[in-house]
file entry_2.cif (mmCIF, C-alpha atoms (C1' of nucleotides))
data_target
loop_
_atom_site.label_atom_id
_atom_site.label_comp_id
_atom_site.auth_asym_id
_atom_site.auth_seq_id
_atom_site.Cartn_x
_atom_site.Cartn_y
_atom_site.Cartn_z
CA MET A 1389 -154.20 -62.43 74.18
CA ILE A 1390 -151.65 -63.90 76.55
CA LEU A 1391 -153.25 -65.27 79.67
CA GLY A 1392 -151.55 -65.23 83.04
CA SER A 1393 -151.49 -68.30 85.24
CA GLY A 1394 -154.90 -69.22 86.51
CA GLN A 1395 -156.84 -66.81 84.36
CA SER A 1396 -158.92 -67.79 81.42
CA GLU A 1397 -161.39 -66.30 79.03
CA ASN A 1398 -164.64 -67.77 77.87
CA SER A 1399 -166.06 -67.58 74.36
CA SER A 1400 -167.67 -64.20 75.04
CA GLY A 1401 -164.25 -62.75 75.76
CA LEU A 1402 -165.18 -62.25 79.39
CA LEU A 1403 -162.48 -62.82 81.94
CA PHE A 1404 -163.29 -65.77 84.19
CA LEU A 1405 -162.23 -65.34 87.79
CA THR A 1406 -162.47 -67.86 90.59
CA ASP A 1407 -163.37 -66.92 94.15
CA GLU A 1408 -159.86 -67.92 95.07
CA GLN A 1409 -158.31 -65.50 92.61
CA LEU A 1410 -160.47 -62.66 93.85
CA ARG A 1411 -159.71 -63.57 97.47
CA LYS A 1412 -155.99 -63.43 96.73
CA GLY A 1413 -156.48 -60.03 95.18
CA ILE A 1414 -158.28 -58.82 98.28
CA GLU A 1415 -155.50 -60.12 100.50
CA ALA A 1416 -152.87 -58.61 98.26
CA MET A 1417 -154.49 -55.22 98.75
CA PHE A 1418 -154.62 -55.71 102.51
CA PHE A 1419 -151.02 -56.78 102.93
CA ALA A 1420 -149.65 -54.33 100.40
CA TYR A 1421 -151.41 -51.39 101.99
CA ARG A 1422 -149.71 -52.24 105.27
CA GLY A 1423 -146.32 -52.13 103.60
CA PHE A 1424 -147.35 -49.01 101.78
CA THR A 1425 -147.98 -47.09 105.00
CA ALA A 1426 -145.36 -48.73 107.21
CA ASP A 1427 -142.42 -46.42 106.47
CA PRO A 1428 -144.23 -43.07 106.75
CA ASP A 1429 -145.99 -44.32 109.88
CA ARG A 1430 -142.65 -44.80 111.58
CA ILE A 1431 -141.52 -41.27 110.75
CA LEU A 1432 -144.87 -39.79 111.74
CA SER A 1433 -144.89 -41.45 115.14
CA GLU A 1434 -141.58 -39.76 115.99
CA ARG A 1435 -143.43 -36.44 115.98
CA SER A 1436 -146.61 -38.00 117.36
CA TYR A 1437 -148.39 -37.39 114.09
CA GLY A 1438 -150.63 -39.88 112.35
CA ARG A 1439 -151.63 -40.92 108.88
CA ALA A 1440 -154.16 -38.12 108.69
CA HIS A 1441 -151.36 -35.56 108.98
CA HIS A 1442 -149.47 -37.25 106.19
CA ARG A 1443 -152.47 -37.20 103.88
CA ALA A 1444 -153.11 -33.53 104.56
CA LEU A 1445 -149.47 -32.63 103.92
CA HIS A 1446 -149.40 -34.70 100.76
CA PHE A 1447 -152.39 -33.04 99.13
CA ILE A 1448 -151.46 -29.55 100.25
CA LYS A 1449 -148.06 -30.08 98.67
CA ARG A 1450 -149.85 -31.38 95.62
CA SER A 1451 -152.15 -28.39 95.30
CA PRO A 1452 -150.56 -25.41 97.00
CA GLY A 1453 -153.10 -22.71 97.82
CA THR A 1454 -155.97 -25.17 97.85
CA THR A 1455 -158.98 -24.31 99.98
CA VAL A 1456 -160.20 -26.21 103.03
CA ASN A 1457 -163.34 -27.32 101.23
CA ASN A 1458 -161.36 -28.68 98.32
CA LEU A 1459 -159.03 -30.61 100.57
CA LEU A 1460 -162.06 -31.87 102.46
CA SER A 1461 -163.63 -33.51 99.43
CA THR A 1462 -160.30 -34.95 98.31
CA LEU A 1463 -159.69 -36.60 101.65
CA GLY A 1464 -163.31 -37.58 102.10
CA VAL A 1465 -163.53 -36.73 105.78
CA THR A 1466 -165.59 -34.28 107.79
CA LYS A 1467 -164.39 -30.76 108.40
CA GLN A 1468 -164.20 -31.48 112.12
CA SER A 1469 -161.84 -34.35 111.49
CA LEU A 1470 -159.68 -32.38 109.09
CA ASN A 1471 -159.71 -29.33 111.31
CA ARG A 1472 -158.15 -31.21 114.21
CA VAL A 1473 -155.26 -32.21 111.99
CA LEU A 1474 -154.87 -28.87 110.27
CA ARG A 1475 -154.84 -27.01 113.56
CA THR A 1476 -151.82 -28.93 114.83
CA LEU A 1477 -150.00 -28.59 111.52
CA ILE A 1478 -150.59 -24.82 111.50
CA GLN A 1479 -149.58 -24.48 115.14
CA ASP A 1480 -146.43 -26.48 114.49
CA GLY A 1481 -145.56 -24.19 111.62
CA LEU A 1482 -145.79 -26.76 108.87
CA VAL A 1483 -148.85 -25.36 107.11
CA LEU A 1484 -149.78 -21.81 106.18
CA ASN A 1485 -153.39 -20.64 106.39
CA GLU A 1486 -154.06 -17.49 104.38
CA VAL A 1487 -157.33 -15.63 103.95
CA GLY A 1488 -158.46 -15.53 100.34
CA VAL A 1489 -158.11 -12.39 98.26
CA GLN A 1490 -161.14 -12.68 96.00
CA ASP A 1491 -163.26 -14.62 98.48
CA LYS A 1492 -162.29 -13.75 102.03
CA ARG A 1493 -164.29 -16.66 103.43
CA GLN A 1494 -161.85 -19.12 101.96
CA ARG A 1495 -158.58 -20.13 103.58
CA HIS A 1496 -155.78 -21.04 101.23
CA LEU A 1497 -153.47 -23.75 102.49
CA SER A 1498 -149.81 -24.16 101.66
CA LEU A 1499 -146.69 -25.66 103.16
CA THR A 1500 -144.04 -23.67 104.98
CA VAL A 1501 -140.38 -24.48 104.41
CA ASP A 1502 -140.49 -26.78 107.41
CA GLY A 1503 -143.68 -28.39 106.18
CA SER A 1504 -142.26 -28.91 102.74
CA GLU A 1505 -139.16 -30.51 104.22
CA PHE A 1506 -141.15 -32.86 106.40
CA GLU A 1507 -143.49 -33.78 103.59
CA GLN A 1508 -140.47 -34.57 101.45
CA LYS A 1509 -139.13 -36.87 104.13
CA LEU A 1510 -142.41 -38.75 104.30
CA SER A 1511 -142.79 -38.78 100.55
CA ASN A 1512 -139.28 -40.13 100.07
CA ALA A 1513 -139.85 -42.99 102.47
CA GLN A 1514 -143.00 -44.00 100.67
CA SER A 1515 -141.58 -43.39 97.21
CA ASP A 1516 -138.54 -45.51 97.92
CA ARG A 1517 -140.70 -48.53 98.57
CA MET A 1518 -142.91 -47.74 95.61
CA ARG A 1519 -139.89 -47.41 93.34
CA ALA A 1520 -138.41 -50.66 94.57
CA ALA A 1521 -141.71 -52.42 93.97
CA TYR A 1522 -142.02 -50.91 90.51
CA ARG A 1523 -138.53 -51.97 89.54
CA GLN A 1524 -138.98 -55.44 90.93
CA ALA A 1525 -142.23 -55.91 89.06
CA GLY A 1526 -141.17 -54.26 85.82
CA PRO A 1527 -142.68 -51.55 83.60
CA ASP A 1528 -145.52 -53.64 82.19
CA ALA A 1529 -146.61 -54.57 85.68
CA VAL A 1530 -146.69 -50.92 86.66
CA GLN A 1531 -149.15 -50.18 83.87
CA GLY A 1532 -151.38 -53.00 85.04
CA PHE A 1533 -151.08 -51.94 88.65
CA ARG A 1534 -152.28 -48.46 87.85
CA SER A 1535 -155.06 -49.71 85.57
CA VAL A 1536 -156.57 -52.01 88.17
CA LEU A 1537 -156.31 -49.43 90.95
CA GLU A 1538 -158.01 -46.80 88.80
CA ALA A 1539 -160.79 -49.24 87.99
CA MET A 1540 -161.26 -49.87 91.69
CA MET A 1541 -161.88 -46.22 92.62
CA ASP A 1542 -165.28 -44.74 93.21
CA PRO A 1543 -166.06 -42.43 90.29
CA GLU A 1544 -166.28 -39.46 92.62
CA LEU A 1545 -162.83 -40.13 94.05
CA LYS A 1546 -161.40 -40.85 90.64
CA LYS A 1547 -162.22 -37.29 89.63
CA HIS A 1548 -159.92 -36.03 92.36
CA TYR A 1549 -157.25 -38.50 91.33
CA GLU A 1550 -157.38 -37.36 87.74
CA SER A 1551 -157.54 -33.68 88.60
CA PHE A 1552 -153.89 -33.81 89.65
CA SER A 1553 -152.89 -34.76 86.13
CA LYS A 1554 -154.40 -31.68 84.50
CA GLY A 1555 -151.70 -30.02 82.47
CA GLN A 1556 -149.05 -32.29 83.91
CA ARG A 1557 -147.00 -34.78 81.98
CA LEU A 1558 -146.65 -38.18 83.50
CA MET B 1207 -139.65 -54.33 75.98
CA ILE B 1208 -142.76 -52.27 75.43
CA LEU B 1209 -142.73 -49.15 77.56
CA GLY B 1210 -145.87 -47.60 78.95
CA SER B 1211 -146.46 -43.86 78.70
CA GLY B 1212 -144.09 -41.90 80.82
CA GLN B 1213 -141.77 -44.75 81.71
CA SER B 1214 -138.34 -45.21 80.27
CA GLU B 1215 -135.29 -47.34 80.79
CA ASN B 1216 -131.71 -46.22 80.86
CA SER B 1217 -128.76 -48.09 79.37
CA SER B 1218 -128.35 -50.22 82.49
CA GLY B 1219 -131.87 -51.55 82.03
CA LEU B 1220 -133.00 -49.79 85.18
CA LEU B 1221 -136.48 -48.37 85.18
CA PHE B 1222 -136.44 -44.59 85.43
CA LEU B 1223 -139.24 -43.13 87.49
CA THR B 1224 -140.05 -39.48 88.07
CA ASP B 1225 -141.29 -38.13 91.37
CA GLU B 1226 -144.54 -37.39 89.61
CA GLN B 1227 -145.01 -40.99 88.55
CA LEU B 1228 -144.32 -42.25 92.03
CA ARG B 1229 -146.66 -39.65 93.50
CA LYS B 1230 -149.42 -40.79 91.19
CA GLY B 1231 -148.82 -44.35 92.31
CA ILE B 1232 -149.12 -43.32 95.95
CA GLU B 1233 -152.35 -41.48 95.23
CA ALA B 1234 -153.68 -44.42 93.24
CA MET B 1235 -153.15 -46.64 96.28
CA PHE B 1236 -154.88 -44.12 98.53
CA PHE B 1237 -157.95 -43.62 96.38
CA ALA B 1238 -158.23 -47.26 95.36
CA TYR B 1239 -158.09 -48.46 98.95
CA ARG B 1240 -161.06 -46.27 99.74
CA GLY B 1241 -163.07 -47.85 96.98
CA PHE B 1242 -161.80 -51.25 98.02
CA THR B 1243 -163.26 -50.91 101.51
CA ALA B 1244 -166.32 -48.81 100.72
CA ASP B 1245 -168.80 -51.62 99.99
CA PRO B 1246 -168.00 -53.87 102.97
CA ASP B 1247 -167.92 -50.80 105.23
CA ARG B 1248 -171.52 -50.06 104.35
CA ILE B 1249 -172.65 -53.59 105.19
CA LEU B 1250 -170.61 -53.66 108.38
CA SER B 1251 -172.06 -50.40 109.69
CA GLU B 1252 -175.56 -51.90 109.48
CA ARG B 1253 -174.58 -54.29 112.26
CA SER B 1254 -172.36 -51.71 113.95
CA TYR B 1255 -169.26 -53.70 113.07
CA GLY B 1256 -166.07 -52.25 111.70
CA ARG B 1257 -163.26 -53.19 109.36
CA ALA B 1258 -161.51 -55.12 112.10
CA HIS B 1259 -164.45 -57.51 112.28
CA HIS B 1260 -164.32 -58.01 108.54
CA ARG B 1261 -160.62 -58.81 108.61
CA ALA B 1262 -161.03 -61.31 111.41
CA LEU B 1263 -163.91 -63.04 109.64
CA HIS B 1264 -161.98 -63.12 106.38
CA PHE B 1265 -158.91 -64.83 107.76
CA ILE B 1266 -160.86 -67.21 109.97
CA LYS B 1267 -162.79 -68.25 106.90
CA ARG B 1268 -159.51 -68.59 105.09
CA SER B 1269 -157.90 -70.81 107.72
CA PRO B 1270 -160.61 -72.58 109.70
CA GLY B 1271 -159.32 -73.86 113.04
CA THR B 1272 -156.53 -71.29 113.15
CA THR B 1273 -155.23 -70.25 116.55
CA VAL B 1274 -155.48 -66.82 118.08
CA ASN B 1275 -151.74 -66.32 117.91
CA ASN B 1276 -151.65 -67.21 114.26
CA LEU B 1277 -154.47 -64.81 113.47
CA LEU B 1278 -152.67 -62.20 115.54
CA SER B 1279 -149.54 -62.23 113.44
CA THR B 1280 -151.52 -62.30 110.22
CA LEU B 1281 -153.51 -59.23 111.18
CA GLY B 1282 -150.54 -57.51 112.79
CA VAL B 1283 -152.42 -56.15 115.78
CA THR B 1284 -152.13 -56.68 119.51
CA LYS B 1285 -154.02 -59.47 121.22
CA GLN B 1286 -155.98 -56.91 123.20
CA SER B 1287 -157.17 -55.27 120.02
CA LEU B 1288 -158.08 -58.56 118.38
CA ASN B 1289 -159.69 -59.87 121.56
CA ARG B 1290 -162.18 -57.04 121.68
CA VAL B 1291 -163.29 -57.86 118.15
CA LEU B 1292 -163.30 -61.63 118.64
CA ARG B 1293 -165.34 -61.34 121.81
CA THR B 1294 -168.19 -59.58 120.04
CA LEU B 1295 -168.08 -62.01 117.12
CA ILE B 1296 -168.22 -64.99 119.49
CA GLN B 1297 -171.00 -63.41 121.56
CA ASP B 1298 -172.96 -62.69 118.40
CA GLY B 1299 -172.60 -66.32 117.36
CA LEU B 1300 -170.54 -65.69 114.24
CA VAL B 1301 -167.30 -67.27 115.43
CA LEU B 1302 -166.62 -70.53 117.28
CA ASN B 1303 -163.89 -70.70 119.90
CA GLU B 1304 -162.77 -74.23 120.70
CA VAL B 1305 -160.10 -75.32 123.16
CA GLY B 1306 -157.28 -77.20 121.47
CA VAL B 1307 -157.05 -80.99 121.72
CA GLN B 1308 -153.28 -81.42 121.68
CA ASP B 1309 -152.50 -78.06 123.23
CA LYS B 1310 -155.34 -76.98 125.42
CA ARG B 1311 -153.95 -73.47 125.77
CA GLN B 1312 -154.72 -72.75 122.19
CA ARG B 1313 -158.13 -71.68 120.99
CA HIS B 1314 -159.12 -72.79 117.53
CA LEU B 1315 -161.29 -70.33 115.66
CA SER B 1316 -163.86 -71.12 113.02
CA LEU B 1317 -167.02 -69.60 111.59
CA THR B 1318 -170.50 -70.68 112.53
CA VAL B 1319 -173.15 -70.99 109.83
CA ASP B 1320 -174.24 -67.43 110.57
CA GLY B 1321 -170.64 -66.25 110.51
CA SER B 1322 -169.97 -67.96 107.23
CA GLU B 1323 -173.06 -66.39 105.73
CA PHE B 1324 -172.13 -62.93 106.87
CA GLU B 1325 -168.55 -63.32 105.70
CA GLN B 1326 -169.84 -64.40 102.32
CA LYS B 1327 -171.98 -61.29 102.12
CA LEU B 1328 -168.99 -59.07 102.86
CA SER B 1329 -166.73 -61.04 100.59
CA ASN B 1330 -169.19 -60.85 97.72
CA ALA B 1331 -169.48 -57.09 97.99
CA GLN B 1332 -165.72 -56.71 97.87
CA SER B 1333 -165.23 -59.35 95.21
CA ASP B 1334 -167.79 -57.77 92.95
CA ARG B 1335 -165.81 -54.59 92.81
CA MET B 1336 -162.55 -56.47 92.43
CA ARG B 1337 -163.98 -58.52 89.58
CA ALA B 1338 -165.31 -55.43 87.83
CA ALA B 1339 -161.92 -53.75 88.16
CA TYR B 1340 -160.12 -56.85 86.89
CA ARG B 1341 -162.38 -57.12 83.86
CA GLN B 1342 -162.12 -53.45 83.08
CA ALA B 1343 -158.35 -53.54 83.27
CA GLY B 1344 -157.83 -56.86 81.51
CA PRO B 1345 -155.88 -60.02 82.32
CA ASP B 1346 -152.43 -58.60 81.69
CA ALA B 1347 -153.14 -55.72 84.02
CA VAL B 1348 -154.19 -58.15 86.74
CA GLN B 1349 -150.82 -59.86 86.56
CA GLY B 1350 -149.07 -56.54 86.92
CA PHE B 1351 -151.36 -55.45 89.71
CA ARG B 1352 -150.55 -58.54 91.74
CA SER B 1353 -146.83 -58.31 91.00
CA VAL B 1354 -146.50 -54.75 92.21
CA LEU B 1355 -148.60 -55.35 95.32
CA GLU B 1356 -146.52 -58.37 96.23
CA ALA B 1357 -143.34 -56.38 95.78
CA MET B 1358 -144.75 -53.74 98.10
CA MET B 1359 -145.35 -56.07 101.05
CA ASP B 1360 -143.05 -56.37 104.01
CA PRO B 1361 -141.29 -59.74 103.78
CA GLU B 1362 -142.82 -60.82 107.08
CA LEU B 1363 -146.33 -60.07 105.87
CA LYS B 1364 -145.65 -61.63 102.51
CA LYS B 1365 -145.07 -64.95 104.24
CA HIS B 1366 -148.60 -64.85 105.54
CA TYR B 1367 -149.89 -63.88 102.13
CA GLU B 1368 -148.12 -66.76 100.47
CA SER B 1369 -149.07 -69.26 103.15
CA PHE B 1370 -152.63 -69.20 101.89
CA SER B 1371 -151.49 -70.57 98.55
CA LYS B 1372 -149.89 -73.71 99.98
CA GLY B 1373 -151.40 -76.67 98.22
CA GLN B 1374 -153.97 -74.49 96.56
CA ARG B 1375 -154.33 -73.94 92.85
CA LEU B 1376 -154.77 -70.40 91.76
"C1'" DA C 1085 -182.27 -7.57 103.81
"C1'" DC C 1086 -181.73 -12.39 103.54
"C1'" DA C 1087 -180.07 -16.92 102.37
"C1'" DA C 1088 -176.25 -19.52 101.38
"C1'" DT C 1089 -171.37 -20.52 101.64
"C1'" DA C 1090 -166.86 -21.22 103.93
"C1'" DC C 1091 -164.76 -21.95 107.91
"C1'" DG C 1092 -163.91 -22.80 112.83
"C1'" DT C 1093 -165.10 -24.84 117.12
"C1'" DC C 1094 -167.31 -27.31 121.06
"C1'" DA C 1095 -169.26 -31.47 122.79
"C1'" DG C 1096 -170.17 -36.20 122.56
"C1'" DT C 1097 -169.57 -40.88 120.68
"C1'" DG C 1098 -167.56 -45.06 118.44
"C1'" DT C 1099 -163.97 -48.03 116.34
"C1'" DT C 1100 -159.56 -49.43 116.45
"C1'" DG C 1101 -155.24 -49.29 117.71
"C1'" DT C 1102 -151.65 -48.94 121.65
"C1'" DT C 1103 -149.13 -50.12 126.66
"C1'" DG C 1104 -148.96 -52.06 130.93
"C1'" DA C 1105 -150.33 -55.19 134.32
"C1'" DC C 1106 -152.12 -59.42 136.04
"C1'" DA C 1107 -154.30 -64.18 136.18
"C1'" DT C 1108 -154.87 -68.67 134.31
"C1'" DT C 1109 -153.81 -72.67 131.99
"C1'" DC C 1110 -150.78 -75.75 130.20
"C1'" DC C 1111 -146.53 -77.77 128.04
"C1'" DA C 1112 -141.91 -79.09 128.50
"C1'" DA C 1113 -137.36 -79.12 130.40
"C1'" DG C 1114 -134.61 -79.76 134.31
"C1'" DC D 653 -142.38 -82.93 140.20
"C1'" DT D 654 -141.37 -78.40 140.12
"C1'" DT D 655 -140.69 -74.54 137.57
"C1'" DG D 656 -140.10 -71.47 133.63
"C1'" DG D 657 -142.20 -69.88 129.84
"C1'" DA D 658 -145.71 -69.88 126.26
"C1'" DA D 659 -150.58 -69.08 125.05
"C1'" DT D 660 -154.52 -66.97 126.22
"C1'" DG D 661 -157.88 -63.86 128.41
"C1'" DT D 662 -159.00 -59.65 130.69
"C1'" DC D 663 -158.82 -55.07 132.96
"C1'" DA D 664 -157.68 -50.25 132.69
"C1'" DA D 665 -156.07 -46.21 130.51
"C1'" DC D 666 -155.04 -43.74 126.58
"C1'" DA D 667 -154.59 -41.87 121.75
"C1'" DA D 668 -155.69 -41.29 116.81
"C1'" DC D 669 -159.17 -40.60 113.87
"C1'" DA D 670 -163.42 -40.91 112.22
"C1'" DC D 671 -168.51 -39.52 113.00
"C1'" DT D 672 -172.94 -36.44 114.22
"C1'" DG D 673 -175.03 -32.33 115.77
"C1'" DA D 674 -175.02 -27.74 116.99
"C1'" DC D 675 -173.56 -23.05 117.07
"C1'" DG D 676 -171.04 -18.80 115.70
"C1'" DT D 677 -168.77 -15.61 112.46
"C1'" DA D 678 -167.52 -13.61 108.41
"C1'" DT D 679 -168.42 -13.10 103.73
"C1'" DT D 680 -170.74 -13.47 99.49
"C1'" DG D 681 -174.47 -13.57 96.25
"C1'" DT D 682 -179.30 -12.82 95.27
#
call {"tool": "encode", "arguments": {"input": "entry_2.cif", "output": "structure tokens"}}
result
Amino acid sequence: MILGSGQSENSSGLLFLTDEQLRKGIEAMFFAYRGFTADPDRILSERSYGRAHHRALHFIKRSPGTTVNNLLSTLGVTKQSLNRVLRTLIQDGLVLNEVGVQDKRQRHLSLTVDGSEFEQKLSNAQSDRMRAAYRQAGPDAVQGFRSVLEAMMDPELKKHYESFSKGQRL
Amino acid sequence: MILGSGQSENSSGLLFLTDEQLRKGIEAMFFAYRGFTADPDRILSERSYGRAHHRALHFIKRSPGTTVNNLLSTLGVTKQSLNRVLRTLIQDGLVLNEVGVQDKRQRHLSLTVDGSEFEQKLSNAQSDRMRAAYRQAGPDAVQGFRSVLEAMMDPELKKHYESFSKGQRL
DNA sequence: ACAATACGTCAGTGTTGTTGACATTCCAAG
DNA sequence: CTTGGAATGTCAACAACACTGACGTATTGT
């Protein structure tokens, strides 16, 4: 096993980590997340939207026809909080809200052409930075990046994360 | 070069990344950040503090005697926003605010014993999850994790991130 | 018929961010 | 020594986004 700088393993094969290493990891998450959201935030503020709108658009694009309840548990917010965002997106003609066929209580959400376009714009801005970071770090790093992030998720949230891979090739 | 699943390189040696791969990376960041903040958030809400208090405590602990302006640019918020948080922390006896010796305009911030204790509690909760994730993913993954996150930071923020390593062994 | 589910909405509250304005203190350059 | 500007603190107003609690409606399942 090749060890990176500053990491070591004891005889039990357990990774030994100093407080300093963990603290750097915490700070890396903090600073990286800022960069991660910086570009979409700029675009969103032009239309006086916020991060919540971006998240909603992202996951509706991801799962077209999804129900409100499903989106709710993916985002992990209350229905009141989501509703505020959804209402503006529907009013602005970015999101479609259609009554369910089998179950008429449900509302199926999807993006309009405008919504799809705007989501693409946001997605591109964020993807560009992600791609640049991936290329700079290299393919092996990307594997590690994903592994650590997945190990950091709450199990309940990880289910949602994995559900998007069902029947999709990565 | 060993390629992870779904990644490939073209003849120019440039990493080829599909929209789907990038989208998964974006979602990984989103879901992981939730897990990342979940444990401290619980502890903070017991004292009716928020994430902003945690961040302030973290970086004051990191750089004892730092000035308000320095903390401001690290956190990337306005002085008004930071001031509100600092005021409560000072009132609650967690943070010390001392007038500068050379430059008396500056206020040097540091943690009291209580503040240090509370910061430790928060830090431990977050570190525990980070350590678990690191161990689950393995040492090579940790290297990659850090590499990608660093490549994702804005250059201006990265300076702050790196400043904490000056003269420190990792 | 009745309970539960899915959704929407109203009202109130809290944290965290923003701008803008203004006062104070202090250093440093003219 | 005066003055400009930097560093700090504070006030007010506002917005985004989260929360709780409550209520109403339509629909579904038992």
call {"tool": "resolve_selection", "arguments": {"input": "entry_2.cif", "expression": "the PyMOL selection byres ((chain C and resi 1091) around 10)", "output": "ChimeraX atom specification"}}
result
/A:1456-1457,1467,1471,1493-1495 /C:1089-1090,1092-1093 /D:677-678
call {"tool": "closest_atom_pairs", "arguments": {"input": "entry_2.cif", "of": "chain A", "to": "chain B", "cutoff": "8 Å", "atoms": "all atoms listed in the file", "output": "Markdown table"}}
result
| residue | atom | partner | partner_atom | distance |
| --- | --- | --- | --- | --- |
| A:Ile1390 | CA | B:Asp1346 | CA | 7.4 |
| A:Leu1391 | CA | B:Pro1345 | CA | 6.4 |
| A:Gly1392 | CA | B:Gln1349 | CA | 6.5 |
| A:Ser1393 | CA | B:Leu1376 | CA | 7.6 |
| A:Gly1394 | CA | B:Leu1376 | CA | 5.4 |
| A:Gln1395 | CA | B:Pro1345 | CA | 7.2 |
| A:Leu1402 | CA | B:Arg1341 | CA | 7.4 |
| A:Leu1403 | CA | B:Arg1341 | CA | 6.0 |
| A:Leu1405 | CA | B:Arg1337 | CA | 7.3 |
| A:Asp1407 | CA | B:Ser1333 | CA | 7.9 |
| A:Glu1408 | CA | B:Leu1376 | CA | 6.6 |
| A:Gln1409 | CA | B:Leu1376 | CA | 6.1 |
| A:Leu1410 | CA | B:Ser1333 | CA | 6.0 |
| A:Arg1411 | CA | B:Ser1333 | CA | 7.3 |
| A:Gly1413 | CA | B:Arg1352 | CA | 7.0 |
| A:Ile1414 | CA | B:Met1336 | CA | 7.6 |
| A:Glu1415 | CA | B:Tyr1367 | CA | 6.9 |
| A:Ala1416 | CA | B:Leu1355 | CA | 6.1 |
| A:Met1417 | CA | B:Leu1355 | CA | 6.8 |
| A:Phe1419 | CA | B:Met1359 | CA | 6.0 |
| A:Ala1420 | CA | B:Met1359 | CA | 4.7 |
| A:Tyr1421 | CA | B:Met1235 | CA | 7.6 |
| A:Arg1422 | CA | B:Met1359 | CA | 7.2 |
| A:Gly1423 | CA | B:Met1359 | CA | 4.8 |
| A:Phe1424 | CA | B:Met1358 | CA | 6.5 |
| A:Gln1514 | CA | B:Ile1232 | CA | 7.8 |
| A:Ser1515 | CA | B:Leu1228 | CA | 6.0 |
| A:Arg1517 | CA | B:Met1358 | CA | 6.6 |
| A:Met1518 | CA | B:Leu1228 | CA | 6.7 |
| A:Arg1519 | CA | B:Leu1228 | CA | 6.9 |
| A:Ala1520 | CA | B:Ala1357 | CA | 7.6 |
| A:Ala1521 | CA | B:Ala1357 | CA | 4.6 |
| A:Tyr1522 | CA | B:Val1354 | CA | 6.1 |
| A:Arg1523 | CA | B:Leu1221 | CA | 6.0 |
| A:Gln1524 | CA | B:Ala1357 | CA | 6.6 |
| A:Ala1525 | CA | B:Val1354 | CA | 5.4 |
| A:Gly1526 | CA | B:Leu1221 | CA | 7.6 |
| A:Pro1527 | CA | B:Leu1209 | CA | 6.5 |
| A:Asp1528 | CA | B:Gly1350 | CA | 6.6 |
| A:Ala1529 | CA | B:Gly1350 | CA | 3.4 |
| A:Val1530 | CA | B:Gly1350 | CA | 6.1 |
| A:Gln1531 | CA | B:Gly1210 | CA | 6.5 |
| A:Gly1532 | CA | B:Ala1347 | CA | 3.4 |
| A:Phe1533 | CA | B:Phe1351 | CA | 3.7 |
| A:Arg1534 | CA | B:Ala1234 | CA | 6.9 |
| A:Ser1535 | CA | B:Ala1343 | CA | 5.5 |
| A:Val1536 | CA | B:Ala1343 | CA | 5.4 |
| A:Leu1537 | CA | B:Ala1238 | CA | 5.3 |
| A:Glu1538 | CA | B:Ala1238 | CA | 6.6 |
| A:Ala1539 | CA | B:Ala1339 | CA | 4.7 |
| A:Met1540 | CA | B:Ala1339 | CA | 5.3 |
| A:Met1541 | CA | B:Ala1238 | CA | 4.7 |
| A:Asp1542 | CA | B:Gly1241 | CA | 5.4 |
| A:Leu1545 | CA | B:Phe1237 | CA | 6.4 |
| A:Lys1546 | CA | B:Phe1237 | CA | 7.2 |
| A:Tyr1549 | CA | B:Glu1233 | CA | 6.9 |
| A:Arg1557 | CA | B:Gly1212 | CA | 7.8 |
| A:Leu1558 | CA | B:Gly1212 | CA | 5.3 |
call {"tool": "closest_residue", "arguments": {"input": "entry_2.cif", "among": "B:Val1301, B:Lys1310, B:Leu1263, B:Asp1245", "to": "DC1111 of chain C", "atoms": "only C-alpha atoms (C1' of nucleotides)"}}
result
B:Lys1310
call {"tool": "closest_residue", "arguments": {"input": "entry_2.cif", "among": "A:His1442, A:Pro1428, A:Val1465, A:Ser1433", "to": "DA670 of chain D", "atoms": "all atoms listed in the file"}}
result
A:Val1465
call {"tool": "interface_residues", "arguments": {"input": "entry_2.cif", "of": "chain B", "to": "chain C", "cutoff": "10 Å", "atoms": "all atoms listed in the file", "output": "list in words"}}
result
Ser1254, Tyr1255, Gly1256, Arg1257, Ala1258, Val1283, Thr1284, Gln1286, Ser1287, Leu1288, Arg1290, Val1291, Gln1308, Asp1309, Lys1310, Arg1311 and Gln1312 of chain B
call {"tool": "atom_distance", "arguments": {"input": "entry_2.cif", "atom1": "atom CA of Leu1497 of chain A", "atom2": "atom CA of Leu1484 of chain A"}}
result
5.6 Å
call {"tool": "interface_residues", "arguments": {"input": "entry_2.cif", "of": "chain D", "to": "chain A", "cutoff": "12 Å", "atoms": "only C-alpha atoms (C1' of nucleotides)", "output": "list in words"}}
result
DA667, DA668, DC669, DA670, DC671, DT672, DG673, DT677, DA678, DT679, DT680 and DG681 of chain D
call {"tool": "atom_distance", "arguments": {"input": "entry_2.cif", "atom1": "atom CA of Asp1298 of chain B", "atom2": "atom C1' of DC666 of chain D"}}
result
27.3 Å
call {"tool": "atom_distance", "arguments": {"input": "entry_2.cif", "atom1": "atom CA of Leu1510 of chain A", "atom2": "atom CA of Thr1455 of chain A"}}
result
22.4 Å
